[in-house]
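Structure file data.csv (CSV, C-alpha atoms and all ligand atoms) is printed below.
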chain,number,residue,atom,x,y,z
S,1,MET,CA,-0.2,-3.5,-106.7
S,2,GLY,CA,0.7,-0.1,-105.2
S,3,LYS,CA,2.1,0.2,-101.7
S,4,VAL,CA,0.3,-1.7,-99.0
S,5,LYS,CA,-1.4,0.8,-96.6
S,6,VAL,CA,-0.5,-0.2,-93.0
S,7,ALA,CA,-2.0,1.1,-89.8
S,8,VAL,CA,-0.4,0.4,-86.5
S,9,ASN,CA,-2.9,0.3,-83.6
S,10,GLY,CA,-1.1,0.6,-80.2
S,11,TYR,CA,2.0,2.7,-80.0
S,12,GLY,CA,4.1,1.3,-77.2
S,13,THR,CA,7.3,-0.7,-77.2
S,14,ILE,CA,6.4,-2.8,-80.2
S,15,GLY,CA,4.1,-0.5,-82.1
S,16,LYS,CA,6.5,2.4,-82.3
S,17,ARG,CA,9.2,0.2,-83.7
S,18,VAL,CA,6.8,-1.5,-86.2
S,19,ALA,CA,5.6,2.0,-87.4
S,20,ASP,CA,9.1,3.2,-88.0
S,21,ALA,CA,10.0,-0.1,-89.8
S,22,VAL,CA,6.9,0.3,-92.1
S,23,THR,CA,8.0,3.8,-93.1
S,24,LEU,CA,11.4,2.3,-94.2
S,25,GLN,CA,9.9,-0.3,-96.6
S,26,PRO,CA,9.7,0.6,-100.3
S,27,ASP,CA,6.4,-1.4,-100.7
S,28,MET,CA,4.5,-0.1,-97.7
S,29,GLU,CA,3.1,3.2,-96.4
S,30,LEU,CA,2.0,4.1,-92.9
S,31,VAL,CA,-1.6,5.2,-92.7
S,32,GLY,CA,-1.1,6.3,-89.1
S,33,ILE,CA,-0.9,5.1,-85.6
S,34,GLY,CA,-3.7,4.4,-83.0
S,35,LYS,CA,-2.9,6.1,-79.7
S,36,THR,CA,-5.1,6.1,-76.6
S,37,ARG,CA,-3.7,9.2,-74.9
S,38,PRO,CA,-1.1,11.9,-75.3
S,39,SER,CA,2.4,11.0,-74.1
S,40,TYR,CA,6.1,11.7,-74.9
S,41,GLU,CA,5.8,8.9,-77.4
S,42,ALA,CA,2.9,10.6,-79.1
S,43,VAL,CA,5.0,13.8,-79.4
S,44,ARG,CA,7.7,11.8,-81.2
S,45,ALA,CA,5.2,10.3,-83.5
S,46,ALA,CA,3.9,13.7,-84.4
S,47,GLU,CA,7.5,14.9,-85.0
S,48,ARG,CA,8.0,12.1,-87.4
S,49,GLY,CA,4.9,13.1,-89.3
S,50,TYR,CA,2.8,10.1,-88.3
S,51,ARG,CA,-0.9,10.8,-88.3
S,52,ILE,CA,-2.3,10.1,-84.8
S,53,PHE,CA,-5.8,8.4,-84.6
S,54,ILE,CA,-7.6,8.2,-81.3
S,55,ALA,CA,-7.9,4.7,-80.0
S,56,GLY,CA,-9.6,3.0,-77.0
S,57,SER,CA,-11.0,5.4,-74.5
S,58,GLY,CA,-8.9,8.4,-75.7
S,59,THR,CA,-10.5,11.7,-76.5
S,60,LYS,CA,-9.7,14.5,-78.9
S,61,ALA,CA,-9.8,17.0,-76.1
S,62,ASP,CA,-7.0,15.2,-74.2
S,63,PHE,CA,-4.7,15.3,-77.3
S,64,ALA,CA,-5.7,18.9,-78.0
S,65,ALA,CA,-4.8,19.9,-74.4
S,66,ALA,CA,-1.3,18.5,-75.0
S,67,GLY,CA,-1.0,20.4,-78.2
S,68,LEU,CA,-1.3,17.3,-80.4
S,69,ALA,CA,-3.3,17.2,-83.6
S,70,THR,CA,-5.3,14.1,-84.3
S,71,ALA,CA,-6.5,12.8,-87.7
S,72,GLY,CA,-9.6,11.0,-86.6
S,73,THR,CA,-10.7,7.9,-84.7
S,74,ALA,CA,-9.1,4.5,-84.8
S,75,GLU,CA,-12.1,3.3,-86.8
S,76,GLU,CA,-11.3,5.9,-89.5
S,77,MET,CA,-7.7,4.7,-89.5
S,78,ILE,CA,-8.8,1.1,-89.8
S,79,ALA,CA,-11.1,2.0,-92.7
S,80,ALA,CA,-8.2,3.6,-94.6
S,81,ALA,CA,-5.9,0.7,-94.2
S,82,ASP,CA,-5.2,-2.6,-96.1
S,83,VAL,CA,-3.9,-4.1,-92.9
S,84,VAL,CA,-3.8,-3.2,-89.3
S,85,VAL,CA,-0.8,-4.3,-87.2
S,86,ASP,CA,-2.3,-4.5,-83.7
S,87,CYS,CA,0.3,-3.7,-81.1
S,88,ALA,CA,-2.0,-3.1,-78.1
S,89,PRO,CA,-1.4,-4.8,-74.8
S,90,ASP,CA,-2.0,-8.5,-74.2
S,91,LYS,CA,-5.6,-9.5,-74.7
S,92,ILE,CA,-6.7,-6.1,-76.0
S,93,GLY,CA,-5.6,-7.1,-79.5
S,94,ARG,CA,-8.4,-9.8,-79.5
S,95,GLU,CA,-11.0,-7.1,-78.6
S,96,ASN,CA,-9.6,-4.8,-81.3
S,97,GLY,CA,-9.9,-7.7,-83.7
S,98,LYS,CA,-13.6,-7.3,-83.7
S,99,LYS,CA,-13.3,-3.9,-85.3
S,100,TYR,CA,-10.9,-5.1,-88.0
S,101,GLN,CA,-13.2,-7.9,-88.8
S,102,ALA,CA,-16.2,-5.6,-89.0
S,103,ALA,CA,-14.3,-3.3,-91.3
S,104,GLY,CA,-13.2,-6.2,-93.5
S,105,VAL,CA,-9.5,-5.3,-93.0
S,106,ARG,CA,-6.7,-7.8,-92.6
S,107,ALA,CA,-4.9,-7.9,-89.3
S,108,ILE,CA,-1.7,-8.9,-87.7
S,109,PHE,CA,-1.7,-9.7,-84.0
S,110,GLN,CA,1.2,-10.0,-81.5
S,111,GLY,CA,2.3,-12.9,-79.3
S,112,GLY,CA,0.5,-11.6,-76.2
S,113,GLU,CA,-2.7,-12.9,-77.8
S,114,LYS,CA,-3.6,-16.6,-77.7
S,115,SER,CA,-2.9,-18.4,-81.0
S,116,ASP,CA,-6.6,-18.8,-82.0
S,117,VAL,CA,-6.8,-15.0,-82.4
S,118,ALA,CA,-5.6,-15.5,-86.0
S,119,GLU,CA,-5.6,-18.1,-88.8
S,120,MET,CA,-2.0,-18.9,-88.2
S,121,SER,CA,1.1,-18.2,-86.1
S,122,PHE,CA,4.0,-16.8,-88.1
S,123,ASN,CA,7.8,-16.8,-88.2
S,124,ALA,CA,9.5,-15.7,-91.4
S,125,LEU,CA,12.3,-18.3,-91.5
S,126,ALA,CA,9.9,-21.1,-90.6
S,127,ASN,CA,6.6,-20.7,-92.4
S,128,PHE,CA,6.5,-17.5,-94.6
S,129,ASP,CA,4.6,-19.3,-97.4
S,130,ARG,CA,1.8,-20.4,-95.0
S,131,ALA,CA,0.8,-16.7,-94.5
S,132,ARG,CA,0.1,-16.1,-98.2
S,133,ASP,CA,-3.3,-14.5,-98.7
S,134,ARG,CA,-4.3,-14.9,-95.1
S,135,LYS,CA,-6.7,-12.4,-93.6
S,136,THR,CA,-5.3,-12.7,-90.0
S,137,VAL,CA,-1.8,-13.7,-88.8
S,138,ARG,CA,-0.2,-13.7,-85.4
S,139,VAL,CA,3.4,-12.9,-85.0
S,140,VAL,CA,4.6,-15.1,-82.1
S,141,SER,CA,6.1,-13.6,-79.0
S,142,CYS,CA,9.8,-12.6,-78.6
S,143,ASN,CA,10.8,-15.8,-76.9
S,144,THR,CA,8.9,-18.0,-79.4
S,145,THR,CA,10.3,-16.1,-82.3
S,146,GLY,CA,13.8,-16.7,-81.0
S,147,LEU,CA,13.1,-20.5,-80.5
S,148,ALA,CA,11.3,-20.8,-83.9
S,149,ARG,CA,14.2,-19.1,-85.7
S,150,ALA,CA,16.7,-21.5,-84.0
S,151,ALA,CA,14.5,-24.5,-84.8
S,152,SER,CA,14.4,-23.3,-88.5
S,153,VAL,CA,18.2,-23.9,-88.6
S,154,VAL,CA,18.6,-27.0,-86.4
S,155,VAL,CA,15.6,-29.1,-87.5
S,156,PRO,CA,16.4,-29.3,-91.2
S,157,HIS,CA,20.2,-29.7,-90.8
S,158,TRP,CA,20.6,-32.1,-87.9
S,159,GLY,CA,17.1,-33.4,-87.0
S,160,VAL,CA,15.7,-33.0,-83.5
S,161,GLU,CA,14.7,-35.9,-81.2
S,162,SER,CA,13.9,-33.5,-78.3
S,163,TRP,CA,14.5,-29.9,-77.4
S,164,GLU,CA,14.6,-28.6,-73.8
S,165,ALA,CA,15.0,-24.9,-73.2
S,166,THR,CA,15.2,-22.8,-70.0
S,167,ILE,CA,14.1,-19.3,-70.6
S,168,VAL,CA,15.7,-16.7,-68.4
S,169,ARG,CA,13.4,-13.8,-68.8
S,170,ARG,CA,14.0,-10.1,-68.3
S,171,ALA,CA,11.9,-8.6,-65.6
S,172,ALA,CA,10.7,-5.5,-67.5
S,173,ASP,CA,11.3,-3.5,-70.7
S,174,PRO,CA,13.7,-0.6,-70.0
S,175,SER,CA,10.8,1.9,-70.2
S,176,GLU,CA,8.7,0.1,-67.6
S,177,SER,CA,8.8,1.3,-63.9
S,178,ASN,CA,6.0,-0.8,-62.6
S,179,ARG,CA,7.3,-4.4,-62.9
S,180,GLY,CA,9.8,-6.5,-61.1
S,181,PRO,CA,11.5,-8.3,-59.4
S,182,ILE,CA,14.3,-5.8,-58.7
S,183,ASN,CA,16.1,-8.3,-56.4
S,184,GLY,CA,15.4,-12.0,-56.8
S,185,ILE,CA,14.9,-14.8,-59.2
S,186,VAL,CA,11.3,-15.8,-59.7
S,187,PRO,CA,10.6,-19.3,-61.0
S,188,THR,CA,7.5,-19.6,-63.3
S,189,PHE,CA,5.4,-22.3,-61.7
S,190,GLN,CA,3.9,-23.4,-65.0
S,191,LEU,CA,5.8,-26.6,-65.7
S,192,PRO,CA,6.5,-26.9,-68.6
S,193,SER,CA,6.1,-23.2,-69.5
S,194,HIS,CA,3.7,-22.0,-72.3
S,195,HIS,CA,6.6,-21.3,-74.7
S,196,GLY,CA,7.0,-25.0,-75.8
S,197,PRO,CA,3.3,-25.3,-76.9
S,198,ASP,CA,3.7,-21.9,-78.6
S,199,VAL,CA,6.7,-23.1,-80.6
S,200,ARG,CA,4.5,-26.0,-81.7
S,201,THR,CA,2.0,-23.6,-83.3
S,202,ILE,CA,4.8,-23.2,-85.9
S,203,PHE,CA,6.6,-26.6,-85.6
S,204,PRO,CA,3.7,-29.0,-84.7
S,205,ASP,CA,6.0,-32.1,-84.6
S,206,LEU,CA,8.8,-30.7,-82.5
S,207,ARG,CA,9.2,-32.5,-79.2
S,208,THR,CA,10.0,-29.5,-77.0
S,209,ALA,CA,9.7,-28.7,-73.3
S,210,THR,CA,10.5,-25.3,-71.8
S,211,THR,CA,10.8,-23.9,-68.4
S,212,ALA,CA,11.1,-20.2,-67.4
S,213,MET,CA,12.2,-17.9,-64.6
S,214,VAL,CA,12.3,-14.1,-64.3
S,215,VAL,CA,15.5,-12.2,-63.3
S,216,PRO,CA,16.1,-8.6,-62.4
S,217,THR,CA,17.3,-7.2,-65.7
S,218,THR,CA,15.9,-5.2,-68.6
S,219,LEU,CA,18.6,-6.3,-71.1
S,220,MET,CA,17.3,-9.2,-73.1
S,221,HIS,CA,16.1,-12.7,-72.4
S,222,VAL,CA,18.6,-15.6,-72.5
S,223,HIS,CA,17.7,-19.2,-73.6
S,224,VAL,CA,19.7,-22.2,-72.4
S,225,ASN,CA,19.1,-24.9,-75.0
S,226,HIS,CA,19.7,-28.6,-74.8
S,227,VAL,CA,18.8,-30.3,-78.1
S,228,ARG,CA,19.1,-34.1,-78.6
S,229,LEU,CA,19.9,-34.4,-82.4
S,230,THR,CA,19.1,-37.3,-84.7
S,231,ARG,CA,22.0,-36.5,-87.2
S,232,PRO,CA,24.5,-34.6,-85.1
S,233,PRO,CA,27.4,-32.8,-86.7
S,234,ALA,CA,31.0,-33.8,-85.7
S,235,ASP,CA,31.6,-30.6,-83.7
S,236,ALA,CA,30.3,-27.2,-82.8
S,237,THR,CA,32.1,-25.5,-85.8
S,238,ALA,CA,29.5,-26.7,-88.3
S,239,VAL,CA,26.8,-25.3,-85.9
S,240,PHE,CA,28.1,-21.8,-85.5
S,241,GLN,CA,29.0,-21.6,-89.1
S,242,ARG,CA,25.4,-22.5,-90.0
S,243,PHE,CA,24.0,-20.0,-87.6
S,244,ARG,CA,26.4,-17.3,-88.8
S,245,SER,CA,25.4,-17.8,-92.4
S,246,THR,CA,21.6,-17.6,-91.7
S,247,PRO,CA,19.8,-14.2,-91.7
S,248,ARG,CA,18.6,-12.9,-88.4
S,249,PHE,CA,21.4,-14.5,-86.4
S,250,HIS,CA,24.5,-12.8,-84.9
S,251,VAL,CA,27.2,-15.1,-83.5
S,252,PHE,CA,29.9,-13.4,-81.4
S,253,ALA,CA,33.5,-14.7,-81.6
S,254,PRO,CA,35.5,-15.0,-78.4
S,255,TRP,CA,37.9,-12.2,-79.5
S,256,GLU,CA,35.0,-9.7,-79.5
S,257,HIS,CA,34.8,-9.9,-75.7
S,258,VAL,CA,31.0,-9.9,-75.5
S,259,ASP,CA,30.5,-11.8,-72.2
S,260,GLY,CA,26.8,-11.3,-71.8
S,261,THR,CA,23.8,-9.1,-72.6
S,262,PRO,CA,25.3,-5.8,-71.3
S,263,GLN,CA,27.9,-5.9,-74.1
S,264,VAL,CA,25.4,-7.1,-76.6
S,265,MET,CA,23.2,-4.0,-76.0
S,266,GLU,CA,26.3,-1.8,-76.0
S,267,PHE,CA,27.2,-3.4,-79.4
S,268,ALA,CA,23.7,-2.5,-80.5
S,269,ARG,CA,24.0,1.1,-79.2
S,270,ASP,CA,27.3,1.5,-81.1
S,271,ARG,CA,25.8,0.4,-84.5
S,272,PRO,CA,25.5,3.3,-86.8
S,273,ASN,CA,21.8,3.1,-87.9
S,274,GLY,CA,18.5,3.8,-86.2
S,275,ARG,CA,17.4,2.6,-82.7
S,276,PRO,CA,19.9,0.7,-80.7
S,277,ASP,CA,18.1,-2.5,-81.2
S,278,MET,CA,19.3,-6.1,-81.7
S,279,MET,CA,16.7,-7.7,-84.0
S,280,GLU,CA,18.8,-10.8,-84.5
S,281,ASN,CA,19.1,-13.9,-82.3
S,282,VAL,CA,22.4,-13.5,-80.5
S,283,LEU,CA,24.7,-16.6,-80.1
S,284,TRP,CA,28.2,-17.0,-78.8
S,285,GLU,CA,30.7,-19.2,-80.6
S,286,ALA,CA,32.0,-20.2,-77.1
S,287,GLY,CA,28.4,-20.9,-76.0
S,288,ILE,CA,27.8,-23.7,-78.5
S,289,ARG,CA,28.8,-27.2,-77.8
S,290,VAL,CA,28.2,-30.6,-79.5
S,291,ASP,CA,28.7,-33.6,-77.3
S,292,GLY,CA,27.7,-36.8,-79.2
S,293,PRO,CA,24.0,-36.4,-80.0
S,294,ASP,CA,23.6,-33.4,-77.7
S,295,LEU,CA,23.7,-29.8,-78.9
S,296,TYR,CA,24.0,-27.1,-76.2
S,297,PHE,CA,23.7,-23.5,-76.9
S,298,PHE,CA,22.9,-20.1,-75.3
S,299,GLN,CA,21.0,-17.5,-77.2
S,300,ALA,CA,20.0,-14.0,-76.2
S,301,ILE,CA,16.8,-12.3,-77.4
S,302,HIS,CA,16.2,-8.6,-77.5
S,303,GLN,CA,12.5,-8.6,-76.4
S,304,GLU,CA,11.8,-5.0,-77.6
S,305,SER,CA,12.8,-5.5,-81.2
S,306,ILE,CA,13.1,-9.1,-82.4
S,307,VAL,CA,9.5,-9.3,-83.6
S,308,VAL,CA,9.7,-6.1,-85.7
S,309,PRO,CA,11.2,-7.6,-88.9
S,310,GLU,CA,8.8,-10.5,-88.5
S,311,ASN,CA,5.8,-8.1,-88.6
S,312,ILE,CA,7.1,-6.6,-91.9
S,313,ASP,CA,7.6,-10.1,-93.4
S,314,ALA,CA,4.1,-11.1,-92.4
S,315,ILE,CA,2.7,-8.2,-94.3
S,316,ARG,CA,4.7,-9.1,-97.4
S,317,ALA,CA,3.5,-12.7,-97.1
S,318,MET,CA,-0.1,-11.8,-96.7
S,319,PHE,CA,-0.1,-9.5,-99.7
S,320,GLY,CA,2.2,-11.5,-102.0
S,321,LEU,CA,4.8,-8.7,-102.1
S,322,ALA,CA,7.7,-11.1,-102.3
S,323,GLU,CA,8.2,-14.4,-104.1
S,324,ASP,CA,9.5,-16.2,-101.0
S,325,GLY,CA,10.6,-15.8,-97.5
S,326,ALA,CA,14.2,-15.4,-98.3
S,327,THR,CA,13.4,-12.5,-100.7
S,328,SER,CA,11.3,-10.8,-98.1
S,329,ILE,CA,13.8,-11.3,-95.3
S,330,ALA,CA,16.5,-9.8,-97.5
S,331,MET,CA,14.3,-6.8,-98.3
S,332,THR,CA,13.4,-6.2,-94.7
S,333,ASP,CA,16.9,-6.6,-93.4
S,334,LYS,CA,18.2,-4.1,-96.0
S,335,ALA,CA,15.6,-1.5,-95.1
S,336,LEU,CA,16.1,-2.0,-91.4
S,337,SER,CA,20.0,-2.1,-91.6
S,338,ILE,CA,20.1,-5.6,-90.2
S,339,PRO,CA,23.4,-7.1,-91.3
S,340,HIS,CA,22.5,-9.8,-93.8
S,341,PRO,CA,25.0,-12.8,-94.5
U,1,LIG,P1,3.1,-1.6,-74.5
U,1,LIG,O1,2.3,-1.5,-73.3
U,1,LIG,O2,4.5,-1.1,-74.5
U,1,LIG,O3,2.3,-0.8,-75.7
U,1,LIG,C1,0.9,-1.0,-75.9
U,1,LIG,C2,0.3,0.3,-76.3
U,1,LIG,O4,-1.1,0.1,-76.7
U,1,LIG,C3,0.3,1.4,-75.2
U,1,LIG,O5,0.8,2.6,-75.8
U,1,LIG,C4,-1.2,1.5,-74.8
U,1,LIG,O6,-1.5,2.7,-74.3
U,1,LIG,C5,-1.9,1.2,-76.1
U,1,LIG,N1,-3.3,0.7,-76.0
U,1,LIG,C6,-4.0,0.4,-74.9
U,1,LIG,N2,-5.2,0.1,-75.2
U,1,LIG,C7,-5.3,0.2,-76.5
U,1,LIG,C8,-6.4,0.0,-77.5
U,1,LIG,N3,-7.6,-0.4,-77.1
U,1,LIG,N4,-6.2,0.3,-78.8
U,1,LIG,C9,-5.0,0.7,-79.2
U,1,LIG,N5,-3.9,0.8,-78.4
U,1,LIG,C10,-4.1,0.6,-77.0
U,1,LIG,O7,3.0,-3.1,-75.0
U,1,LIG,P2,4.1,-3.9,-75.9
U,1,LIG,O8,5.2,-4.3,-75.0
U,1,LIG,O9,4.4,-3.0,-77.1
U,1,LIG,O10,3.2,-5.2,-76.3
U,1,LIG,C11,2.3,-5.1,-77.4
U,1,LIG,C12,2.1,-6.6,-77.9
U,1,LIG,O11,3.4,-7.1,-78.3
U,1,LIG,C13,1.6,-7.5,-76.8
U,1,LIG,O12,0.8,-8.5,-77.4
U,1,LIG,C14,2.9,-8.2,-76.3
U,1,LIG,O13,2.7,-9.4,-75.7
U,1,LIG,C15,3.7,-8.3,-77.6
U,1,LIG,N6,5.1,-8.3,-77.4
U,1,LIG,C16,5.8,-7.6,-76.5
U,1,LIG,C17,7.2,-7.7,-76.3
U,1,LIG,C18,7.9,-6.9,-75.3
U,1,LIG,O14,8.9,-7.4,-74.8
U,1,LIG,N7,7.5,-5.7,-75.0
U,1,LIG,C19,7.9,-8.6,-77.1
U,1,LIG,C20,7.2,-9.3,-78.1
U,1,LIG,C21,5.8,-9.2,-78.2

Kindly present the structure from the file in structure tokens form.
Ligand code: NAD
Amino acid sequence: MGKVKVAVNGYGTIGKRVADAVTLQPDMELVGIGKTRPSYEAVRAAERGYRIFIAGSGTKADFAAAGLATAGTAEEMIAAADVVVDCAPDKIGRENGKKYQAAGVRAIFQGGEKSDVAEMSFNALANFDRARDRKTVRVVSCNTTGLARAASVVVPHWGVESWEATIVRRAADPSESNRGPINGIVPTFQLPSHHGPDVRTIFPDLRTATTAMVVPTTLMHVHVNHVRLTRPPADATAVFQRFRSTPRFHVFAPWEHVDGTPQVMEFARDRPNGRPDMMENVLWEAGIRVDGPDLYFFQAIHQESIVVPENIDAIRAMFGLAEDGATSIAMTDKALSIPHP
């Protein structure tokens, strides 16, 4: 088949990154982006040559007043696409889904939607093949993506009896000025948190329990994992070597002097290509320990970008553009300049 025509509906933190990523793939083309109103981000989209379609309650007059040309309505964009990647805010994706269904167009939803919004929940390392030929797929949230990737390594190699994770969540994305806390630690009084059940939409048999809290930072989430293994390795070396040799993981060595998320994001800013994003799960050699049957490890998750390559792989799986997950992941990583082991 020719290139898959991809529309991105919702052009915020995730949508703008997914749109850029689509334009870098050899087997996909961007039909355009759905935008509700003019903004600095819409100007950037126009500068990049993306066609802007009016979504939600937006009007052509509003865009025209800002000097921005529009190519039509979101409905017209949807009709011109093979697949829509919905990147609208939580719960609006489900509403938008009615339009995709009415147009008979395939759709990918994000993790802010409940899992029943789509036929399946997706993670490229864990269940690429299950997405083949699907009409609707949900790419799980940033935290669930991070946990599902890690489970894809740990479960097959050492077996899991139980997995507890505490999720230390960033308060806001760097571009958000209306969220907090700015001074305090806020426990999430949902015990256990929703992340564990969300991981089980991908690993149904995994015994996992998660708890969460929000802290005043915009620089990544951090997971504190305690995993009881059924076939533990002798020591942590085998664990960090395994993570290091798996795509979509970056393991820092002690000599790199990356003490926490500030240096991780500085490392990302110093990389030569594209946005200063960190699309890999970030682990630290010094932050992995095996003690008898118990594995402990920290991992940091860049909330703004970790799901971007997953959306690309989901498209490839749905349209049979790659023979398997490993092939798709390699293609995506090459196109997005994600270092590939
Ligand atoms: P965002 O608020 O940054 O962007 C959403 C965009 O959609 C905005 O530009 C908004 O104006 C636009 N929009 C509003 N109504 C719309 C409509 N009816 N049709 C089309 N567009 C509309 O949100 P985000 O952070 O990019 O989140 C998008 C999805 O990705 C959510 O499901 C979220 O849970 C998920 N997600 C977010 C993060 C994150 O950390 N930001 C990480 C992973 C997954």

Nearest to S:Arg106 by atom-to-atom distance, counting all atoms listed in the file, from S:Val307, S:Val258, S:Val83, S:Ala124: S:Val83

Could you check which of S:Ile301, S:Leu295, S:Ile92, S:Leu147 is closest to ligand LIG 1 (chain U), using all atoms listed in the file? S:Ile92

Could you please extract the residues within 6 Å of ligand LIG 1 (chain U), counting only C-alpha atoms and all ligand atoms, and hand them back as a list in words?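 I would give the residues around ligand LIG 1 (chain U) as Asn9, Gly10, Tyr11, Gly12, Thr13, Ile14, Gly15, Gly34, Lys35, Thr36, Ala55, Gly56, Cys87, Ala88, Pro89, Asp90, Ile92, Gln110, Gly111, Gly112, Glu113, Ser141, Cys142, Gln303, Glu304 and Val307 of chain S.
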
Which residues are close to S:Pro339, i.e. within 10 Å by all atoms listed in the file, leaving aside same-chain residues fewer than 2 positions away? Reply as an NGL selection string. :S and (247-250 or 279-280 or 330 or 333-334 or 336-337 or 341)

What's the separation between atom CA of S:Trp284 and atom CA of S:Gly260, in Å to one decimal place?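 Computing the Euclidean distance for atom CA of S:Trp284 and atom CA of S:Gly260 yields 9.1 Å.
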
Excluding S:Asn311 and residues on its chain fewer than 5 positions from it, collect all residues at most 12 Å away from it, counting all atoms listed in the file, and give them as a VMD selection string. chain S and resid 6 8 14 to 15 17 to 22 25 83 to 87 107 to 111 121 to 124 128 131 137 to 142 145 279 305 to 306 316 to 318 328 to 329 332

Which residues, written as a count of residues only, have at least one atom at most 12 Å from S:Lys60, with all atoms listed in the file counted and residues fewer than 4 positions away on the same chain left out? 20

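Of the residues listed (S:Arg271, S:Arg170, S:His302, S:His157), S:His157 shows the shortest atom-to-atom separation from S:Arg242; distances use all atoms listed in the file.
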
May I ask which of the residues S:Gln299, S:Thr246, S:Asn281, S:Asn127 is the closest one to S:His340, counting only C-alpha atoms? S:Thr246

For each of S:His226, S:Lys98, S:His221, S:Arg244, take the minimum atom-to-atom distance to S:Thr261, counting all atoms listed in the file, then give the residue where this is smallest.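 Among the listed residues, the smallest separation from S:Thr261 belongs to S:His221.
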
Around (2.4, 10.7, -89.6), as given in the file, which residues come within 9 Å? Count all atoms listed in the file and list them as a list in words.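 Final list of nearby residues, as requested, is Leu30, Val31, Gly32, Ile33, Ala45, Ala46, Glu47, Arg48, Gly49, Tyr50, Arg51 and Ile52 of chain S.
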
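Put simply, atom CA of S:His257 is 23.8 Å away from atom CA of S:Pro174.
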
Using only C-alpha atoms, find the one residue out of S:Gly184, S:Gly58, S:Pro272, S:Gly104 that sits nearest to S:Ile78. S:Gly104

So which residues touch S:Pro204 within 12 Å, counting only C-alpha atoms, skipping near sequence neighbours fewer than 6 positions away, as a list of chain:residue names?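 In the requested form, the answer reads S:Ser121, S:Ala126, S:Asn127, S:Ala148, S:Ala151, S:Gly196, S:Pro197, S:Asp198.
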
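Separating atom CA of S:Ala212 from atom CA of S:Arg169 is a distance of 6.9 Å.
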
Selection near stretch 289-292 of chain S, 10 Å with all atoms listed in the file, sequence-local residues under 4 positions removed, as a ChimeraX atom specification: /S:226-229,231-240,285,296-298

For stretch 253-263 of chain S, where the input has fewer atoms than it should, I would like N, CA, C and O atoms rebuilt and written as a PDB file, keeping the file's coordinate frame.
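The resulting result.pdb:
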ATOM      1  N   ALA S 253      32.234 -13.918 -81.763  1.00  0.00           N
ATOM      2  CA  ALA S 253      33.500 -14.700 -81.600  1.00  0.00           C
ATOM      3  C   ALA S 253      34.094 -14.341 -80.247  1.00  0.00           C
ATOM      4  O   ALA S 253      33.867 -13.245 -79.719  1.00  0.00           O
ATOM      5  N   PRO S 254      34.912 -15.252 -79.708  1.00  0.00           N
ATOM      6  CA  PRO S 254      35.500 -15.000 -78.400  1.00  0.00           C
ATOM      7  C   PRO S 254      36.325 -13.687 -78.368  1.00  0.00           C
ATOM      8  O   PRO S 254      36.303 -12.962 -77.363  1.00  0.00           O
ATOM      9  N   TRP S 255      37.033 -13.377 -79.481  1.00  0.00           N
ATOM     10  CA  TRP S 255      37.900 -12.200 -79.500  1.00  0.00           C
ATOM     11  C   TRP S 255      37.110 -10.887 -79.356  1.00  0.00           C
ATOM     12  O   TRP S 255      37.679  -9.825 -79.086  1.00  0.00           O
ATOM     13  N   GLU S 256      35.776 -10.938 -79.555  1.00  0.00           N
ATOM     14  CA  GLU S 256      35.000  -9.700 -79.500  1.00  0.00           C
ATOM     15  C   GLU S 256      34.697  -9.296 -78.011  1.00  0.00           C
ATOM     16  O   GLU S 256      34.231  -8.190 -77.750  1.00  0.00           O
ATOM     17  N   HIS S 257      34.973 -10.216 -77.090  1.00  0.00           N
ATOM     18  CA  HIS S 257      34.800  -9.900 -75.700  1.00  0.00           C
ATOM     19  C   HIS S 257      33.401  -9.464 -75.303  1.00  0.00           C
ATOM     20  O   HIS S 257      33.200  -8.487 -74.589  1.00  0.00           O
ATOM     21  N   VAL S 258      32.445 -10.173 -75.854  1.00  0.00           N
ATOM     22  CA  VAL S 258      31.000  -9.900 -75.500  1.00  0.00           C
ATOM     23  C   VAL S 258      30.667 -11.062 -74.510  1.00  0.00           C
ATOM     24  O   VAL S 258      30.403 -12.191 -74.903  1.00  0.00           O
ATOM     25  N   ASP S 259      30.714 -10.731 -73.224  1.00  0.00           N
ATOM     26  CA  ASP S 259      30.500 -11.800 -72.200  1.00  0.00           C
ATOM     27  C   ASP S 259      29.071 -12.065 -71.910  1.00  0.00           C
ATOM     28  O   ASP S 259      28.739 -13.111 -71.373  1.00  0.00           O
ATOM     29  N   GLY S 260      28.189 -11.102 -72.198  1.00  0.00           N
ATOM     30  CA  GLY S 260      26.800 -11.300 -71.800  1.00  0.00           C
ATOM     31  C   GLY S 260      25.939 -10.175 -72.426  1.00  0.00           C
ATOM     32  O   GLY S 260      26.399  -9.399 -73.277  1.00  0.00           O
ATOM     33  N   THR S 261      24.714 -10.086 -71.949  1.00  0.00           N
ATOM     34  CA  THR S 261      23.800  -9.100 -72.600  1.00  0.00           C
ATOM     35  C   THR S 261      24.189  -7.650 -72.401  1.00  0.00           C
ATOM     36  O   THR S 261      23.853  -6.848 -73.274  1.00  0.00           O
ATOM     37  N   PRO S 262      24.919  -7.247 -71.350  1.00  0.00           N
ATOM     38  CA  PRO S 262      25.300  -5.800 -71.300  1.00  0.00           C
ATOM     39  C   PRO S 262      26.146  -5.416 -72.521  1.00  0.00           C
ATOM     40  O   PRO S 262      25.911  -4.365 -73.119  1.00  0.00           O
ATOM     41  N   GLN S 263      27.100  -6.281 -72.907  1.00  0.00           N
ATOM     42  CA  GLN S 263      27.900  -5.900 -74.100  1.00  0.00           C
ATOM     43  C   GLN S 263      27.118  -6.074 -75.369  1.00  0.00           C
ATOM     44  O   GLN S 263      27.362  -5.335 -76.331  1.00  0.00           O
TER      45      GLN S 263
END
